[in-house]
Amino acid sequence: GLVVAGSCGAKDVFLTDFTEACRVNMAHNILINQDWLHETQQPTTTVTQGYLEWSSFIDCSRHDDLPASKEHDQTCLEAFSTADIMLAADVTYDVESLKPLVAIVVQFLQKSPSTKKAIFGITKRNMKTFNTFIELLKEKDIAYEWIWTGQDCPPLPLWFPCKFTQQRSDVKIASLTMTY
C-alpha cells in the first residue's frame with residue numbers, strides 16, 4: 001500500500017488488517033514514510049489505516065444505512081465503498097477465511113462492476129487452499145486474469161535471512177473482475 005501511495009499517483013490509500021500488532025506496525029510505517037511520500041512527488045496522497053476482518057465486515061458493510069460496528073469505524077466503511085481498486089497481498093493462506101474474503105470481493109466489485117477492480121497477490125502455499133480460492137471465484141462469477149507470475153521475476157537477492165523461502169514461481173498477481 002505504501003509503494004502504491006508513493007509511486008502510482010493514488011489520491012487516498014487505506015491500509016487494513018485485523019490484528020492490533022499489525023495495525024500498530026502499519027501506523028508506524030505510515031509515519032516513517034511521510035518524507036519518502038513527499039520526495040516521490042506524492043505530497044497530496046493521504047495514507048491511513050484501519051481495522052478490517054472479513055467475516056464481521058460483511059454484515060456491517062452490506063447496507064449503506066447501517067452504523068459502523070465497534071470493530072469497524074465509519075472511515076473503514078467509507079474507504080471500502082468509495083475505493084476504485086482493492087489491493088490484497090498474501091491473504092489466501094487459510095482455507096477457512098476464503099469464503100468471507102470472496103464475499104468481500106463480490107461486495108466491492110458489485111458496487112460498480114465496470115469500473116472497480118480487485119488486484120490480488122497470491123502465493124500458492126497449499127494447492128488445496130489455492131484451488132478452493134479459484135473455485136470460489138468461479139462460483140461467484142468473478143473472472144481472474146494473471147497479470148504477473150513468479151516466472152516473470154528475475155532472481156532477486158534475499159534481503160533478510162529466512163528459515164523458509166517461498167519459491168517465486170508460486171507467487172502470482174491476478175486482476176479480478178465481475179463476469180456479468
# chains A, B, ... in the order shown; residues from 1 in each chain; ligands from 1

$ residues_around --residues "segment 131-137 of chain A" --least-positions-apart "6" --cutoff "7 Å" --atoms "only C-alpha atoms" --output "number ranges by chain"
A: 98, 102, 143

$ residues_around --residues "Glu53 of chain A" --least-positions-apart "2" --cutoff "8 Å" --atoms "only C-alpha atoms" --output "number ranges by chain"
A: 17-18, 51, 55-57

$ closest_residue --among "A:Val4, A:Ile104, A:Met127, A:Leu176" --to "Glu145 of chain A" --atoms "only C-alpha atoms"
A:Leu176

$ closest_residue --among "A:Ala89, A:Leu109, A:Ala103, A:Ile147" --to "Thr123 of chain A" --atoms "only C-alpha atoms"
A:Ala89

$ closest_residue --among "A:His28, A:Arg23, A:Lys140, A:Lys124" --to "Asp90 of chain A" --atoms "only C-alpha atoms"
A:Lys124

$ select_by_dssp --residues "segment 75-151 of chain A" --states "helix (DSSP H, G or I)" --output "MDAnalysis selection string"
chainID A and resid 75:82 95:110 127:139 150:151

$ closest_residue --among "A:Met86, A:Ala118, A:Leu52, A:Cys76" --to "Thr19 of chain A" --atoms "only C-alpha atoms"
A:Leu52

$ closest_residue --among "A:Gly121, A:Gly1, A:Pro113, A:Pro100" --to "Leu37 of chain A" --atoms "only C-alpha atoms"
A:Gly1

$ closest_residue --among "A:Asp84, A:Asp12, A:Glu39, A:Asp170" --to "Thr115 of chain A" --atoms "only C-alpha atoms"
A:Asp84

$ residues_around --residues "Ile122 of chain A" --least-positions-apart "3" --cutoff "10 Å" --atoms "only C-alpha atoms" --output "JSON, numbers by chain"
{"A": [88, 89, 90, 91, 92, 93, 119, 125, 130, 133, 149, 170, 171, 172, 173, 174]}

$ write_last_selection --atoms "N, CA and C atoms" --output "mmCIF file, in the first residue's frame"
data_model
loop_
_atom_site.group_PDB
_atom_site.id
_atom_site.type_symbol
_atom_site.label_atom_id
_atom_site.label_comp_id
_atom_site.auth_asym_id
_atom_site.auth_seq_id
_atom_site.Cartn_x
_atom_site.Cartn_y
_atom_site.Cartn_z
ATOM 1 N N ALA A 88 -4.880 -6.637 -2.447
ATOM 2 C CA ALA A 88 -4.723 -7.603 -1.353
ATOM 3 C C ALA A 88 -3.483 -8.433 -1.646
ATOM 4 N N ALA A 89 -2.703 -8.664 -0.621
ATOM 5 C CA ALA A 89 -1.490 -9.463 -0.799
ATOM 6 C C ALA A 89 -1.395 -10.473 0.330
ATOM 7 N N ASP A 90 -1.111 -11.694 -0.058
ATOM 8 C CA ASP A 90 -0.863 -12.762 0.906
ATOM 9 C C ASP A 90 -2.046 -12.961 1.855
ATOM 10 N N VAL A 91 -3.246 -13.044 1.297
ATOM 11 C CA VAL A 91 -4.452 -13.221 2.107
ATOM 12 C C VAL A 91 -5.183 -14.526 1.822
ATOM 13 N N THR A 92 -4.634 -15.375 0.988
ATOM 14 C CA THR A 92 -5.324 -16.608 0.609
ATOM 15 C C THR A 92 -4.675 -17.839 1.234
ATOM 16 N N TYR A 93 -4.152 -17.702 2.410
ATOM 17 C CA TYR A 93 -3.393 -18.798 3.039
ATOM 18 C C TYR A 93 -4.237 -19.715 3.909
ATOM 19 N N ILE A 119 -7.127 -6.415 -7.144
ATOM 20 C CA ILE A 119 -5.838 -6.969 -7.561
ATOM 21 C C ILE A 119 -5.263 -7.732 -6.376
ATOM 22 N N ARG A 125 0.800 -21.634 -1.498
ATOM 23 C CA ARG A 125 1.480 -22.366 -0.426
ATOM 24 C C ARG A 125 0.956 -23.792 -0.322
ATOM 25 N N PHE A 130 -5.316 -22.963 -2.538
ATOM 26 C CA PHE A 130 -5.261 -22.206 -3.783
ATOM 27 C C PHE A 130 -6.423 -22.601 -4.693
ATOM 28 N N PHE A 133 -9.772 -21.296 -3.469
ATOM 29 C CA PHE A 133 -9.928 -19.881 -3.773
ATOM 30 C C PHE A 133 -10.371 -19.690 -5.225
ATOM 31 N N THR A 149 3.359 -13.365 -13.025
ATOM 32 C CA THR A 149 3.648 -14.627 -12.349
ATOM 33 C C THR A 149 5.086 -14.619 -11.889
ATOM 34 N N ASP A 170 5.771 -19.627 -7.235
ATOM 35 C CA ASP A 170 4.492 -19.828 -6.559
ATOM 36 C C ASP A 170 3.732 -18.523 -6.337
ATOM 37 N N VAL A 171 4.305 -17.400 -6.721
ATOM 38 C CA VAL A 171 3.685 -16.102 -6.496
ATOM 39 C C VAL A 171 3.118 -15.589 -7.817
ATOM 40 N N LYS A 172 1.838 -15.169 -7.753
ATOM 41 C CA LYS A 172 1.170 -14.638 -8.936
ATOM 42 C C LYS A 172 0.364 -13.406 -8.535
ATOM 43 N N ILE A 173 0.108 -12.562 -9.503
ATOM 44 C CA ILE A 173 -0.761 -11.413 -9.266
ATOM 45 C C ILE A 173 -1.920 -11.520 -10.249
ATOM 46 N N ALA A 174 -3.130 -11.422 -9.697
ATOM 47 C CA ALA A 174 -4.333 -11.557 -10.514
ATOM 48 C C ALA A 174 -5.184 -10.298 -10.445
#
